[in-house]
Number of protein chains: 2
Amino acid sequence: MSERALPYRPHNHQACVSQALSEARSICRDQNARLTPIRERVLELIWQSHKPLGAYDILGMLGAEGHNAAPPTVYRALDFLLQYGLVHRISSLNAFIGCAHAGEYHREMFLICRQCGNVLELAAPALSKSIESSAKTEGFLPEDITLEIAGLCPRCQGDSSHD
Amino acid sequence: MSERALPYRPHNHQACVSQALSEARSICRDQNARLTPIRERVLELIWQSHKPLGAYDILGMLGAEGHNAAPPTVYRALDFLLQYGLVHRISSLNAFIGCAHAGEYHREMFLICRQCGNVLELAAPALSKSIESSAKTEGFLPEDITLEIAGLCPRCQGDSSHD
DNA sequence: CCTGCAAATGTTATAATGTTTCAAAAATTG
DNA sequence: CAATTTTTGAAACATTATAACATTTGCAGG
């Protein structure tokens, strides 16, 4: 995959969203999954925000653009996107974020800035391996690993006001 | 600290609860924190279950024993217990569990069996260190680390019915 | 084409989880 | 014991998520 901008660094965000959508379309095509207009729109909204978005945030945005949806519509779209690895759910925030590594096998690991709210998805296969092996040492068979690290991102350290 | 039984192994559960309560009392005494009757009762209920308990489960149990509490009562007790490290919150379950290492500095890491629901708190300082250093490699300052590993515990592997 | 099935969406209601606010009671301090 | 702080009670409300059932859409086989 091509290099990807960090959320807390300036970058061409529209291009970043487009790329994510185009990858998503390709992933769905390959798996005969239907990326319907609603699903695609939800994915786009999530990517546009680049910060975790709650289901009801999405619901509000859809409402604002005239699509008066009910909660199940959004949750169903999110379930679909989760199922195909296009978004992740961040339990500690009850929110959703675009997957930066869609299509690649990986464990979910997030760096969540408590100041600016940005989230970086960490790709660290070696770390995943140590986590798995720690579990196995206890005789435990790990299936779903979620690591959520809250703290301060580079930009927010020693600095007190970023959105 | 003395050795502690694994939740999925037979053990004298009442003794295990008593020990946890007695440790909790001692920790609170040392810090001039008031382990009031409600707080202690909530902690006891959580330990007795030995599986993660939702706030409304606790509320129901209190109700069943005649203490007709409202949600804030439970959430306040939980906040207190969290603050003093006597319980942990498991985000992926919206539930709470007794801390097996109260009083010791540690990161929170859980092995959650999807079959029997038991949760083991993993103490693996070396793993904590690697997680921290992975975050720091990205320039991120880690504060709160939560690792939740869902899968199958030893007892539930190759076996299909445990509570 | 069109018919019938499966997948997706719409709609209403409701469940589950968590918080705000203000008042009363209990404990602690001086 | 009076003043203050902490804790608890109680009611209402906010947020997050799901259940249940009706309707529509897309698509495969006749």
# chains A, B, ... in the order shown; residues from 1 in each chain; ligands from 1
$ calpha_fit_and_write --fixed "chain B" --moving "chain A" --output "compact mmCIF listing (two decimals) with N, CA and C atoms, in the first residue's frame"
# COMPACT_ATOMS: atom_id res chain seq x y z
N MET A 1 2.46 -10.13 46.82
CA MET A 1 1.10 -10.63 47.02
C MET A 1 1.08 -12.15 46.94
N SER A 2 0.17 -12.74 47.68
CA SER A 2 0.07 -14.20 47.64
C SER A 2 -0.48 -14.67 46.30
N GLU A 3 -0.31 -15.94 46.05
CA GLU A 3 -0.76 -16.50 44.78
C GLU A 3 -2.28 -16.41 44.69
N ARG A 4 -2.76 -16.25 43.47
CA ARG A 4 -4.19 -16.09 43.33
C ARG A 4 -4.73 -17.14 42.36
N ALA A 5 -5.89 -17.67 42.68
CA ALA A 5 -6.47 -18.72 41.85
C ALA A 5 -6.91 -18.17 40.50
N LEU A 6 -6.87 -18.98 39.48
CA LEU A 6 -7.39 -18.57 38.18
C LEU A 6 -8.90 -18.73 38.20
N PRO A 7 -9.60 -17.82 37.57
CA PRO A 7 -11.06 -17.87 37.65
C PRO A 7 -11.66 -19.15 37.09
N TYR A 8 -11.01 -19.72 36.09
CA TYR A 8 -11.60 -20.91 35.47
C TYR A 8 -11.11 -22.20 36.11
N ARG A 9 -10.40 -22.07 37.21
CA ARG A 9 -9.97 -23.25 37.94
C ARG A 9 -10.73 -23.29 39.26
N PRO A 10 -11.04 -24.51 39.74
CA PRO A 10 -11.77 -24.59 41.01
C PRO A 10 -10.95 -23.94 42.11
N HIS A 11 -11.59 -23.19 42.94
CA HIS A 11 -10.89 -22.60 44.08
C HIS A 11 -11.91 -22.18 45.11
N ASN A 12 -11.42 -21.90 46.28
CA ASN A 12 -12.30 -21.47 47.35
C ASN A 12 -12.70 -20.03 47.08
N HIS A 13 -13.84 -19.89 46.46
CA HIS A 13 -14.19 -18.58 45.96
C HIS A 13 -14.49 -17.61 47.10
N GLN A 14 -15.11 -18.11 48.15
CA GLN A 14 -15.43 -17.20 49.25
C GLN A 14 -14.16 -16.63 49.86
N ALA A 15 -13.15 -17.45 49.95
CA ALA A 15 -11.88 -17.00 50.53
C ALA A 15 -11.26 -15.96 49.62
N CYS A 16 -11.39 -16.20 48.33
CA CYS A 16 -10.85 -15.31 47.33
C CYS A 16 -11.52 -13.94 47.42
N VAL A 17 -12.83 -13.94 47.62
CA VAL A 17 -13.56 -12.68 47.78
C VAL A 17 -13.14 -11.98 49.07
N SER A 18 -13.06 -12.75 50.14
CA SER A 18 -12.68 -12.16 51.42
C SER A 18 -11.32 -11.50 51.34
N GLN A 19 -10.42 -12.18 50.68
CA GLN A 19 -9.08 -11.63 50.58
C GLN A 19 -9.11 -10.31 49.81
N ALA A 20 -9.86 -10.29 48.72
CA ALA A 20 -9.95 -9.08 47.92
C ALA A 20 -10.53 -7.94 48.75
N LEU A 21 -11.57 -8.23 49.53
CA LEU A 21 -12.19 -7.19 50.33
C LEU A 21 -11.24 -6.69 51.41
N SER A 22 -10.52 -7.61 51.97
CA SER A 22 -9.63 -7.21 53.04
C SER A 22 -8.49 -6.35 52.47
N GLU A 23 -8.00 -6.73 51.31
CA GLU A 23 -6.99 -5.89 50.66
C GLU A 23 -7.55 -4.50 50.35
N ALA A 24 -8.79 -4.49 49.88
CA ALA A 24 -9.42 -3.22 49.53
C ALA A 24 -9.52 -2.32 50.76
N ARG A 25 -9.94 -2.89 51.87
CA ARG A 25 -10.05 -2.09 53.09
C ARG A 25 -8.71 -1.51 53.47
N SER A 26 -7.71 -2.32 53.32
CA SER A 26 -6.39 -1.85 53.71
C SER A 26 -5.90 -0.75 52.77
N ILE A 27 -6.14 -0.90 51.50
CA ILE A 27 -5.75 0.13 50.53
C ILE A 27 -6.47 1.45 50.82
N CYS A 28 -7.75 1.35 51.11
CA CYS A 28 -8.52 2.56 51.38
C CYS A 28 -8.05 3.22 52.68
N ARG A 29 -7.80 2.42 53.69
CA ARG A 29 -7.31 2.97 54.94
C ARG A 29 -6.02 3.77 54.69
N ASP A 30 -5.10 3.14 53.96
CA ASP A 30 -3.81 3.79 53.69
C ASP A 30 -3.98 5.12 52.97
N GLN A 31 -5.03 5.26 52.19
CA GLN A 31 -5.17 6.48 51.41
C GLN A 31 -6.26 7.40 51.94
N ASN A 32 -6.72 7.10 53.14
CA ASN A 32 -7.80 7.90 53.72
C ASN A 32 -9.00 7.99 52.80
N ALA A 33 -9.31 6.90 52.17
CA ALA A 33 -10.49 6.87 51.31
C ALA A 33 -11.57 6.08 52.04
N ARG A 34 -12.78 6.52 51.89
CA ARG A 34 -13.85 5.88 52.67
C ARG A 34 -14.55 4.77 51.90
N LEU A 35 -14.25 3.57 52.28
CA LEU A 35 -14.91 2.41 51.68
C LEU A 35 -16.23 2.22 52.41
N THR A 36 -17.22 3.02 52.00
CA THR A 36 -18.52 3.01 52.68
C THR A 36 -19.26 1.70 52.42
N PRO A 37 -20.33 1.46 53.16
CA PRO A 37 -21.07 0.20 52.97
C PRO A 37 -21.50 -0.04 51.53
N ILE A 38 -22.04 0.95 50.87
CA ILE A 38 -22.45 0.72 49.48
C ILE A 38 -21.27 0.35 48.61
N ARG A 39 -20.21 1.12 48.74
CA ARG A 39 -19.02 0.86 47.92
C ARG A 39 -18.48 -0.53 48.17
N GLU A 40 -18.43 -0.89 49.44
CA GLU A 40 -17.91 -2.21 49.77
C GLU A 40 -18.84 -3.30 49.24
N ARG A 41 -20.13 -3.07 49.34
CA ARG A 41 -21.08 -4.08 48.86
C ARG A 41 -20.97 -4.25 47.35
N VAL A 42 -20.81 -3.15 46.64
CA VAL A 42 -20.66 -3.23 45.18
C VAL A 42 -19.39 -4.01 44.84
N LEU A 43 -18.33 -3.69 45.53
CA LEU A 43 -17.08 -4.41 45.29
C LEU A 43 -17.25 -5.90 45.56
N GLU A 44 -17.96 -6.21 46.64
CA GLU A 44 -18.17 -7.61 47.00
C GLU A 44 -18.99 -8.33 45.93
N LEU A 45 -20.03 -7.67 45.45
CA LEU A 45 -20.86 -8.28 44.41
C LEU A 45 -20.02 -8.56 43.16
N ILE A 46 -19.19 -7.62 42.82
CA ILE A 46 -18.35 -7.79 41.64
C ILE A 46 -17.40 -8.97 41.82
N TRP A 47 -16.79 -9.04 42.98
CA TRP A 47 -15.88 -10.15 43.22
C TRP A 47 -16.59 -11.49 43.29
N GLN A 48 -17.78 -11.49 43.90
CA GLN A 48 -18.50 -12.75 44.02
C GLN A 48 -18.81 -13.34 42.65
N SER A 49 -19.09 -12.46 41.70
CA SER A 49 -19.44 -12.96 40.38
C SER A 49 -18.23 -13.54 39.66
N HIS A 50 -17.12 -12.91 39.86
CA HIS A 50 -15.88 -13.35 39.21
C HIS A 50 -15.98 -13.30 37.70
N LYS A 51 -17.08 -12.81 37.20
CA LYS A 51 -17.19 -12.51 35.79
C LYS A 51 -17.55 -11.04 35.71
N PRO A 52 -17.30 -10.42 34.59
CA PRO A 52 -17.62 -9.01 34.50
C PRO A 52 -19.11 -8.80 34.73
N LEU A 53 -19.42 -7.76 35.45
CA LEU A 53 -20.78 -7.45 35.84
C LEU A 53 -21.12 -6.07 35.31
N GLY A 54 -22.28 -5.95 34.66
CA GLY A 54 -22.72 -4.64 34.20
C GLY A 54 -23.27 -3.83 35.35
N ALA A 55 -23.29 -2.51 35.18
CA ALA A 55 -23.79 -1.64 36.23
C ALA A 55 -25.23 -1.99 36.60
N TYR A 56 -26.00 -2.35 35.59
CA TYR A 56 -27.41 -2.66 35.86
C TYR A 56 -27.60 -4.05 36.44
N ASP A 57 -26.63 -4.92 36.25
CA ASP A 57 -26.65 -6.20 36.97
C ASP A 57 -26.51 -5.92 38.46
N ILE A 58 -25.56 -5.07 38.76
CA ILE A 58 -25.30 -4.72 40.16
C ILE A 58 -26.54 -4.06 40.75
N LEU A 59 -27.11 -3.16 39.98
CA LEU A 59 -28.31 -2.47 40.41
C LEU A 59 -29.40 -3.48 40.75
N GLY A 60 -29.55 -4.48 39.89
CA GLY A 60 -30.56 -5.51 40.11
C GLY A 60 -30.29 -6.30 41.38
N MET A 61 -29.03 -6.63 41.61
CA MET A 61 -28.67 -7.41 42.80
C MET A 61 -28.94 -6.61 44.06
N LEU A 62 -28.60 -5.34 44.01
CA LEU A 62 -28.87 -4.49 45.18
C LEU A 62 -30.37 -4.45 45.41
N GLY A 63 -31.12 -4.30 44.32
CA GLY A 63 -32.57 -4.26 44.45
C GLY A 63 -33.09 -5.55 45.08
N ALA A 64 -32.57 -6.68 44.61
CA ALA A 64 -33.01 -7.99 45.11
C ALA A 64 -32.78 -8.13 46.60
N GLU A 65 -31.77 -7.46 47.11
CA GLU A 65 -31.52 -7.60 48.55
C GLU A 65 -32.13 -6.44 49.33
N GLY A 66 -33.05 -5.73 48.70
CA GLY A 66 -33.82 -4.74 49.44
C GLY A 66 -33.32 -3.31 49.36
N HIS A 67 -32.11 -3.16 48.85
CA HIS A 67 -31.56 -1.80 48.74
C HIS A 67 -31.97 -1.25 47.39
N ASN A 68 -33.02 -0.46 47.40
CA ASN A 68 -33.56 0.00 46.13
C ASN A 68 -32.82 1.23 45.62
N ALA A 69 -31.74 0.99 44.91
CA ALA A 69 -30.87 2.07 44.48
C ALA A 69 -31.19 2.51 43.06
N ALA A 70 -30.81 3.73 42.74
CA ALA A 70 -30.95 4.26 41.38
C ALA A 70 -29.59 4.18 40.69
N PRO A 71 -29.58 4.30 39.36
CA PRO A 71 -28.31 4.14 38.64
C PRO A 71 -27.15 4.98 39.20
N PRO A 72 -27.36 6.25 39.51
CA PRO A 72 -26.21 7.03 39.96
C PRO A 72 -25.52 6.43 41.18
N THR A 73 -26.28 5.80 42.03
CA THR A 73 -25.68 5.19 43.22
C THR A 73 -24.62 4.17 42.80
N VAL A 74 -24.99 3.33 41.86
CA VAL A 74 -24.06 2.30 41.41
C VAL A 74 -22.90 2.92 40.65
N TYR A 75 -23.20 3.84 39.76
CA TYR A 75 -22.11 4.43 38.98
C TYR A 75 -21.15 5.20 39.88
N ARG A 76 -21.68 5.82 40.92
CA ARG A 76 -20.78 6.53 41.81
C ARG A 76 -19.89 5.58 42.58
N ALA A 77 -20.47 4.48 43.02
CA ALA A 77 -19.65 3.49 43.72
C ALA A 77 -18.58 2.96 42.77
N LEU A 78 -18.98 2.70 41.54
CA LEU A 78 -18.02 2.18 40.57
C LEU A 78 -16.91 3.20 40.29
N ASP A 79 -17.29 4.47 40.19
CA ASP A 79 -16.27 5.50 39.96
C ASP A 79 -15.24 5.50 41.08
N PHE A 80 -15.76 5.40 42.29
CA PHE A 80 -14.85 5.35 43.43
C PHE A 80 -13.91 4.15 43.33
N LEU A 81 -14.47 3.00 43.06
CA LEU A 81 -13.66 1.78 43.00
C LEU A 81 -12.65 1.82 41.86
N LEU A 82 -13.07 2.43 40.76
CA LEU A 82 -12.15 2.58 39.63
C LEU A 82 -11.01 3.51 40.03
N GLN A 83 -11.38 4.60 40.67
CA GLN A 83 -10.40 5.61 41.05
C GLN A 83 -9.29 5.04 41.93
N TYR A 84 -9.67 4.13 42.82
CA TYR A 84 -8.67 3.56 43.71
C TYR A 84 -8.13 2.23 43.18
N GLY A 85 -8.43 1.96 41.91
CA GLY A 85 -7.85 0.77 41.29
C GLY A 85 -8.37 -0.54 41.86
N LEU A 86 -9.57 -0.52 42.43
CA LEU A 86 -10.10 -1.75 43.03
C LEU A 86 -10.90 -2.57 42.02
N VAL A 87 -11.39 -1.90 41.01
CA VAL A 87 -12.04 -2.62 39.90
C VAL A 87 -11.54 -2.04 38.58
N HIS A 88 -11.79 -2.78 37.53
CA HIS A 88 -11.48 -2.30 36.18
C HIS A 88 -12.76 -2.29 35.36
N ARG A 89 -12.77 -1.41 34.39
CA ARG A 89 -13.88 -1.39 33.44
C ARG A 89 -13.40 -2.06 32.16
N ILE A 90 -14.20 -2.94 31.63
CA ILE A 90 -13.85 -3.58 30.37
C ILE A 90 -14.73 -2.99 29.29
N SER A 91 -14.11 -2.14 28.46
CA SER A 91 -14.88 -1.35 27.50
C SER A 91 -15.65 -2.22 26.53
N SER A 92 -15.01 -3.30 26.10
CA SER A 92 -15.64 -4.09 25.06
C SER A 92 -16.87 -4.82 25.58
N LEU A 93 -17.06 -4.83 26.89
CA LEU A 93 -18.22 -5.51 27.47
C LEU A 93 -19.13 -4.55 28.24
N ASN A 94 -18.74 -3.30 28.33
CA ASN A 94 -19.46 -2.38 29.22
C ASN A 94 -19.69 -3.03 30.58
N ALA A 95 -18.63 -3.54 31.14
CA ALA A 95 -18.80 -4.26 32.40
C ALA A 95 -17.58 -4.06 33.29
N PHE A 96 -17.73 -4.49 34.53
CA PHE A 96 -16.71 -4.22 35.53
C PHE A 96 -16.26 -5.53 36.17
N ILE A 97 -14.99 -5.54 36.57
CA ILE A 97 -14.45 -6.74 37.18
C ILE A 97 -13.48 -6.33 38.28
N GLY A 98 -13.36 -7.19 39.28
CA GLY A 98 -12.44 -6.89 40.37
C GLY A 98 -11.01 -6.88 39.88
N CYS A 99 -10.24 -5.97 40.42
CA CYS A 99 -8.83 -5.91 40.02
C CYS A 99 -8.05 -6.93 40.81
N ALA A 100 -7.34 -7.78 40.07
CA ALA A 100 -6.59 -8.85 40.70
C ALA A 100 -5.25 -8.38 41.25
N HIS A 101 -4.90 -7.14 40.91
CA HIS A 101 -3.60 -6.64 41.34
C HIS A 101 -3.72 -5.28 42.00
N ALA A 102 -4.78 -5.10 42.77
CA ALA A 102 -5.01 -3.81 43.40
C ALA A 102 -3.79 -3.42 44.23
N GLY A 103 -3.45 -2.17 44.13
CA GLY A 103 -2.34 -1.68 44.94
C GLY A 103 -1.00 -1.80 44.25
N GLU A 104 -0.94 -2.61 43.20
CA GLU A 104 0.32 -2.69 42.46
C GLU A 104 0.19 -1.86 41.19
N TYR A 105 1.24 -1.22 40.80
CA TYR A 105 1.22 -0.48 39.55
C TYR A 105 1.14 -1.48 38.42
N HIS A 106 0.22 -1.28 37.52
CA HIS A 106 0.15 -2.18 36.37
C HIS A 106 -0.74 -1.59 35.30
N ARG A 107 -0.56 -2.08 34.09
CA ARG A 107 -1.42 -1.74 32.98
C ARG A 107 -2.54 -2.76 32.96
N GLU A 108 -3.64 -2.37 32.38
CA GLU A 108 -4.78 -3.28 32.36
C GLU A 108 -4.78 -4.13 31.11
N MET A 109 -4.73 -5.43 31.32
CA MET A 109 -4.74 -6.34 30.19
C MET A 109 -5.63 -7.53 30.54
N PHE A 110 -6.56 -7.83 29.65
CA PHE A 110 -7.53 -8.86 29.98
C PHE A 110 -7.64 -9.95 28.92
N LEU A 111 -7.80 -11.17 29.41
CA LEU A 111 -8.11 -12.29 28.54
C LEU A 111 -9.58 -12.62 28.79
N ILE A 112 -10.39 -12.43 27.76
CA ILE A 112 -11.83 -12.56 27.92
C ILE A 112 -12.33 -13.76 27.14
N CYS A 113 -12.85 -14.76 27.83
CA CYS A 113 -13.32 -15.95 27.12
C CYS A 113 -14.72 -15.71 26.57
N ARG A 114 -14.85 -15.90 25.26
CA ARG A 114 -16.15 -15.63 24.64
C ARG A 114 -17.13 -16.75 24.92
N GLN A 115 -16.63 -17.89 25.37
CA GLN A 115 -17.49 -19.04 25.64
C GLN A 115 -18.08 -18.98 27.05
N CYS A 116 -17.21 -18.94 28.04
CA CYS A 116 -17.69 -19.02 29.42
C CYS A 116 -17.80 -17.64 30.07
N GLY A 117 -17.25 -16.65 29.44
CA GLY A 117 -17.38 -15.30 29.98
C GLY A 117 -16.39 -14.95 31.06
N ASN A 118 -15.57 -15.90 31.47
CA ASN A 118 -14.59 -15.56 32.49
C ASN A 118 -13.53 -14.62 31.94
N VAL A 119 -12.98 -13.84 32.85
CA VAL A 119 -11.96 -12.89 32.46
C VAL A 119 -10.76 -13.07 33.37
N LEU A 120 -9.61 -13.15 32.76
CA LEU A 120 -8.38 -13.24 33.53
C LEU A 120 -7.59 -11.97 33.31
N GLU A 121 -7.15 -11.38 34.39
CA GLU A 121 -6.33 -10.20 34.24
C GLU A 121 -4.88 -10.64 34.11
N LEU A 122 -4.30 -10.18 33.04
CA LEU A 122 -2.95 -10.63 32.69
C LEU A 122 -1.94 -9.66 33.31
N ALA A 123 -0.98 -10.22 34.00
CA ALA A 123 0.10 -9.39 34.51
C ALA A 123 1.34 -9.72 33.70
N ALA A 124 1.75 -8.80 32.85
CA ALA A 124 2.91 -9.07 32.01
C ALA A 124 3.67 -7.78 31.79
N PRO A 125 4.46 -7.42 32.77
CA PRO A 125 5.18 -6.14 32.71
C PRO A 125 6.00 -5.99 31.44
N ALA A 126 6.58 -7.08 30.97
CA ALA A 126 7.41 -6.99 29.77
C ALA A 126 6.54 -6.59 28.58
N LEU A 127 5.34 -7.14 28.54
CA LEU A 127 4.43 -6.80 27.45
C LEU A 127 4.01 -5.33 27.55
N SER A 128 3.71 -4.89 28.77
CA SER A 128 3.37 -3.47 28.95
C SER A 128 4.47 -2.59 28.40
N LYS A 129 5.68 -2.98 28.71
CA LYS A 129 6.83 -2.19 28.24
C LYS A 129 6.87 -2.14 26.72
N SER A 130 6.64 -3.28 26.07
CA SER A 130 6.70 -3.23 24.60
C SER A 130 5.60 -2.37 24.03
N ILE A 131 4.44 -2.43 24.67
CA ILE A 131 3.35 -1.60 24.18
C ILE A 131 3.73 -0.13 24.33
N GLU A 132 4.21 0.21 25.51
CA GLU A 132 4.62 1.60 25.72
C GLU A 132 5.67 2.03 24.71
N SER A 133 6.62 1.16 24.46
CA SER A 133 7.68 1.61 23.58
C SER A 133 7.21 1.70 22.14
N SER A 134 6.24 0.86 21.76
CA SER A 134 5.68 1.00 20.41
C SER A 134 5.02 2.36 20.25
N ALA A 135 4.32 2.78 21.30
CA ALA A 135 3.65 4.08 21.24
C ALA A 135 4.69 5.18 21.15
N LYS A 136 5.72 5.07 21.96
CA LYS A 136 6.74 6.12 21.99
C LYS A 136 7.49 6.23 20.66
N THR A 137 7.65 5.09 20.01
CA THR A 137 8.29 5.10 18.70
C THR A 137 7.55 6.01 17.73
N GLU A 138 6.25 6.14 17.93
CA GLU A 138 5.44 7.01 17.08
C GLU A 138 5.41 8.44 17.62
N GLY A 139 6.19 8.68 18.67
CA GLY A 139 6.18 10.02 19.25
C GLY A 139 4.99 10.26 20.17
N PHE A 140 4.30 9.20 20.49
CA PHE A 140 3.07 9.31 21.27
C PHE A 140 3.39 9.06 22.74
N LEU A 141 2.77 9.87 23.62
CA LEU A 141 2.98 9.70 25.05
C LEU A 141 1.83 8.88 25.64
N PRO A 142 2.08 7.63 25.95
CA PRO A 142 0.99 6.77 26.42
C PRO A 142 0.64 7.04 27.87
N GLU A 143 -0.63 7.14 28.15
CA GLU A 143 -1.06 7.34 29.54
C GLU A 143 -1.89 6.14 30.01
N ASP A 144 -2.97 5.92 29.29
CA ASP A 144 -3.87 4.84 29.69
C ASP A 144 -3.86 3.75 28.63
N ILE A 145 -3.43 2.58 29.00
CA ILE A 145 -3.37 1.49 28.03
C ILE A 145 -4.41 0.45 28.37
N THR A 146 -5.23 0.11 27.43
CA THR A 146 -6.16 -0.98 27.69
C THR A 146 -6.07 -2.02 26.60
N LEU A 147 -5.81 -3.21 27.02
CA LEU A 147 -5.67 -4.33 26.11
C LEU A 147 -6.73 -5.37 26.46
N GLU A 148 -7.59 -5.65 25.50
CA GLU A 148 -8.64 -6.63 25.74
C GLU A 148 -8.56 -7.72 24.68
N ILE A 149 -8.23 -8.91 25.12
CA ILE A 149 -8.05 -10.02 24.21
C ILE A 149 -9.21 -10.99 24.35
N ALA A 150 -10.01 -11.11 23.30
CA ALA A 150 -11.12 -12.05 23.34
C ALA A 150 -10.71 -13.33 22.67
N GLY A 151 -11.20 -14.44 23.17
CA GLY A 151 -10.84 -15.73 22.60
C GLY A 151 -11.38 -16.84 23.47
N LEU A 152 -10.63 -17.93 23.54
CA LEU A 152 -11.07 -19.08 24.32
C LEU A 152 -10.10 -19.39 25.44
N CYS A 153 -10.63 -19.54 26.63
CA CYS A 153 -9.79 -19.88 27.77
C CYS A 153 -9.43 -21.37 27.69
N PRO A 154 -8.45 -21.80 28.46
CA PRO A 154 -7.99 -23.18 28.39
C PRO A 154 -9.14 -24.18 28.52
N ARG A 155 -10.02 -23.95 29.48
CA ARG A 155 -11.11 -24.90 29.72
C ARG A 155 -12.06 -25.01 28.55
N CYS A 156 -12.24 -23.91 27.82
CA CYS A 156 -13.26 -23.91 26.76
C CYS A 156 -12.72 -24.33 25.40
N GLN A 157 -11.44 -24.55 25.31
CA GLN A 157 -10.90 -25.00 24.03
C GLN A 157 -11.19 -26.49 23.85
N GLY A 158 -11.72 -26.85 22.70
CA GLY A 158 -12.01 -28.26 22.42
C GLY A 158 -13.08 -28.82 23.32
N ASP A 159 -14.02 -28.01 23.67
CA ASP A 159 -15.02 -28.33 24.67
C ASP A 159 -16.14 -27.36 24.37
N SER A 160 -17.39 -27.81 24.55
CA SER A 160 -18.42 -26.87 24.09
C SER A 160 -19.47 -26.45 25.09
N SER A 161 -19.25 -26.74 26.37
CA SER A 161 -20.28 -26.22 27.29
C SER A 161 -19.78 -25.95 28.70
N HIS A 162 -19.38 -24.74 28.89
CA HIS A 162 -19.11 -24.28 30.25
C HIS A 162 -19.84 -22.98 30.46
N ASP A 163 -20.33 -22.81 31.67
CA ASP A 163 -21.08 -21.57 31.93
C ASP A 163 -20.20 -20.37 31.81
$ residues_around --residues "segment 15-18 of chain C" --least-positions-apart "5" --cutoff "8 Å" --atoms "only C-alpha atoms (C1' of nucleotides)" --output "ChimeraX atom specification"
/B:94 /D:15-18
$ interface_residues --of "chain D" --to "chain B" --cutoff "12 Å" --atoms "only C-alpha atoms (C1' of nucleotides)" --output "list in words"
DT6, DT7, DT8, DG9, DA10, DA11, DA12 and DT16 of chain D
$ write_last_selection --atoms "N, CA and C atoms (P, O5', C5', C4', C3', O3' and C1' of nucleotides)" --output "mmCIF file, in the first residue's frame"
data_model
loop_
_atom_site.group_PDB
_atom_site.id
_atom_site.type_symbol
_atom_site.label_atom_id
_atom_site.label_comp_id
_atom_site.auth_asym_id
_atom_site.auth_seq_id
_atom_site.Cartn_x
_atom_site.Cartn_y
_atom_site.Cartn_z
ATOM 1 P P DT D 6 -14.562 17.474 50.093
ATOM 2 O "O5'" DT D 6 -15.389 16.137 50.374
ATOM 3 C "C5'" DT D 6 -15.134 15.420 51.577
ATOM 4 C "C4'" DT D 6 -16.183 14.348 51.729
ATOM 5 C "C3'" DT D 6 -16.430 13.547 50.449
ATOM 6 O "O3'" DT D 6 -16.270 12.181 50.791
ATOM 7 C "C1'" DT D 6 -18.478 14.292 51.385
ATOM 8 P P DT D 7 -16.376 11.026 49.734
ATOM 9 O "O5'" DT D 7 -17.893 10.557 49.916
ATOM 10 C "C5'" DT D 7 -18.322 10.113 51.193
ATOM 11 C "C4'" DT D 7 -19.827 9.936 51.191
ATOM 12 C "C3'" DT D 7 -20.358 9.048 50.067
ATOM 13 O "O3'" DT D 7 -20.945 7.911 50.683
ATOM 14 C "C1'" DT D 7 -21.699 10.971 50.395
ATOM 15 P P DT D 8 -21.583 6.741 49.832
ATOM 16 O "O5'" DT D 8 -23.111 7.231 49.742
ATOM 17 C "C5'" DT D 8 -23.915 7.197 50.901
ATOM 18 C "C4'" DT D 8 -25.290 7.761 50.581
ATOM 19 C "C3'" DT D 8 -26.071 6.992 49.527
ATOM 20 O "O3'" DT D 8 -27.250 6.496 50.148
ATOM 21 C "C1'" DT D 8 -26.203 9.339 49.192
ATOM 22 P P DG D 9 -28.383 5.738 49.297
ATOM 23 O "O5'" DG D 9 -29.385 6.928 48.938
ATOM 24 C "C5'" DG D 9 -29.975 7.668 49.981
ATOM 25 C "C4'" DG D 9 -31.145 8.481 49.439
ATOM 26 C "C3'" DG D 9 -32.033 7.758 48.430
ATOM 27 O "O3'" DG D 9 -33.380 8.098 48.732
ATOM 28 C "C1'" DG D 9 -31.154 9.726 47.436
ATOM 29 P P DA D 10 -34.601 7.315 48.058
ATOM 30 O "O5'" DA D 10 -34.970 8.291 46.855
ATOM 31 C "C5'" DA D 10 -35.117 9.688 47.120
ATOM 32 C "C4'" DA D 10 -35.423 10.403 45.807
ATOM 33 C "C3'" DA D 10 -36.115 9.532 44.764
ATOM 34 O "O3'" DA D 10 -37.225 10.254 44.297
ATOM 35 C "C1'" DA D 10 -34.230 10.596 43.818
ATOM 36 P P DA D 11 -38.357 9.516 43.395
ATOM 37 O "O5'" DA D 11 -38.313 10.438 42.089
ATOM 38 C "C5'" DA D 11 -38.299 11.859 42.246
ATOM 39 C "C4'" DA D 11 -37.886 12.490 40.928
ATOM 40 C "C3'" DA D 11 -38.504 11.820 39.707
ATOM 41 O "O3'" DA D 11 -39.160 12.815 38.938
ATOM 42 C "C1'" DA D 11 -36.165 12.088 39.431
ATOM 43 P P DA D 12 -39.970 12.465 37.603
ATOM 44 O "O5'" DA D 12 -39.008 13.089 36.493
ATOM 45 C "C5'" DA D 12 -38.379 14.340 36.758
ATOM 46 C "C4'" DA D 12 -37.194 14.498 35.821
ATOM 47 C "C3'" DA D 12 -37.536 14.148 34.371
ATOM 48 O "O3'" DA D 12 -37.317 15.303 33.571
ATOM 49 C "C1'" DA D 12 -35.467 13.169 35.046
ATOM 50 P P DT D 16 -23.340 8.769 22.321
ATOM 51 O "O5'" DT D 16 -23.783 7.236 22.296
ATOM 52 C "C5'" DT D 16 -23.307 6.364 23.297
ATOM 53 C "C4'" DT D 16 -23.916 5.009 23.118
ATOM 54 C "C3'" DT D 16 -23.791 4.411 21.706
ATOM 55 O "O3'" DT D 16 -23.150 3.159 21.849
ATOM 56 C "C1'" DT D 16 -25.986 4.169 22.522
#
$ interface_residues --of "chain C" --to "chain A" --cutoff "9 Å" --atoms "only C-alpha atoms (C1' of nucleotides)" --output "ChimeraX atom specification"
/C:8-11
$ select_by_dssp --residues "segment 11-129 of chain B" --states "alpha helix (DSSP H)" --output "JSON, numbers by chain"
{"B": [13, 14, 15, 16, 17, 18, 19, 20, 21, 22, 23, 24, 25, 26, 27, 28, 29, 30, 37, 38, 39, 40, 41, 42, 43, 44, 45, 46, 47, 48, 49, 55, 56, 57, 58, 59, 60, 61, 62, 63, 64, 71, 72, 73, 74, 75, 76, 77, 78, 79, 80, 81, 82, 83, 125, 126, 127, 128, 129]}
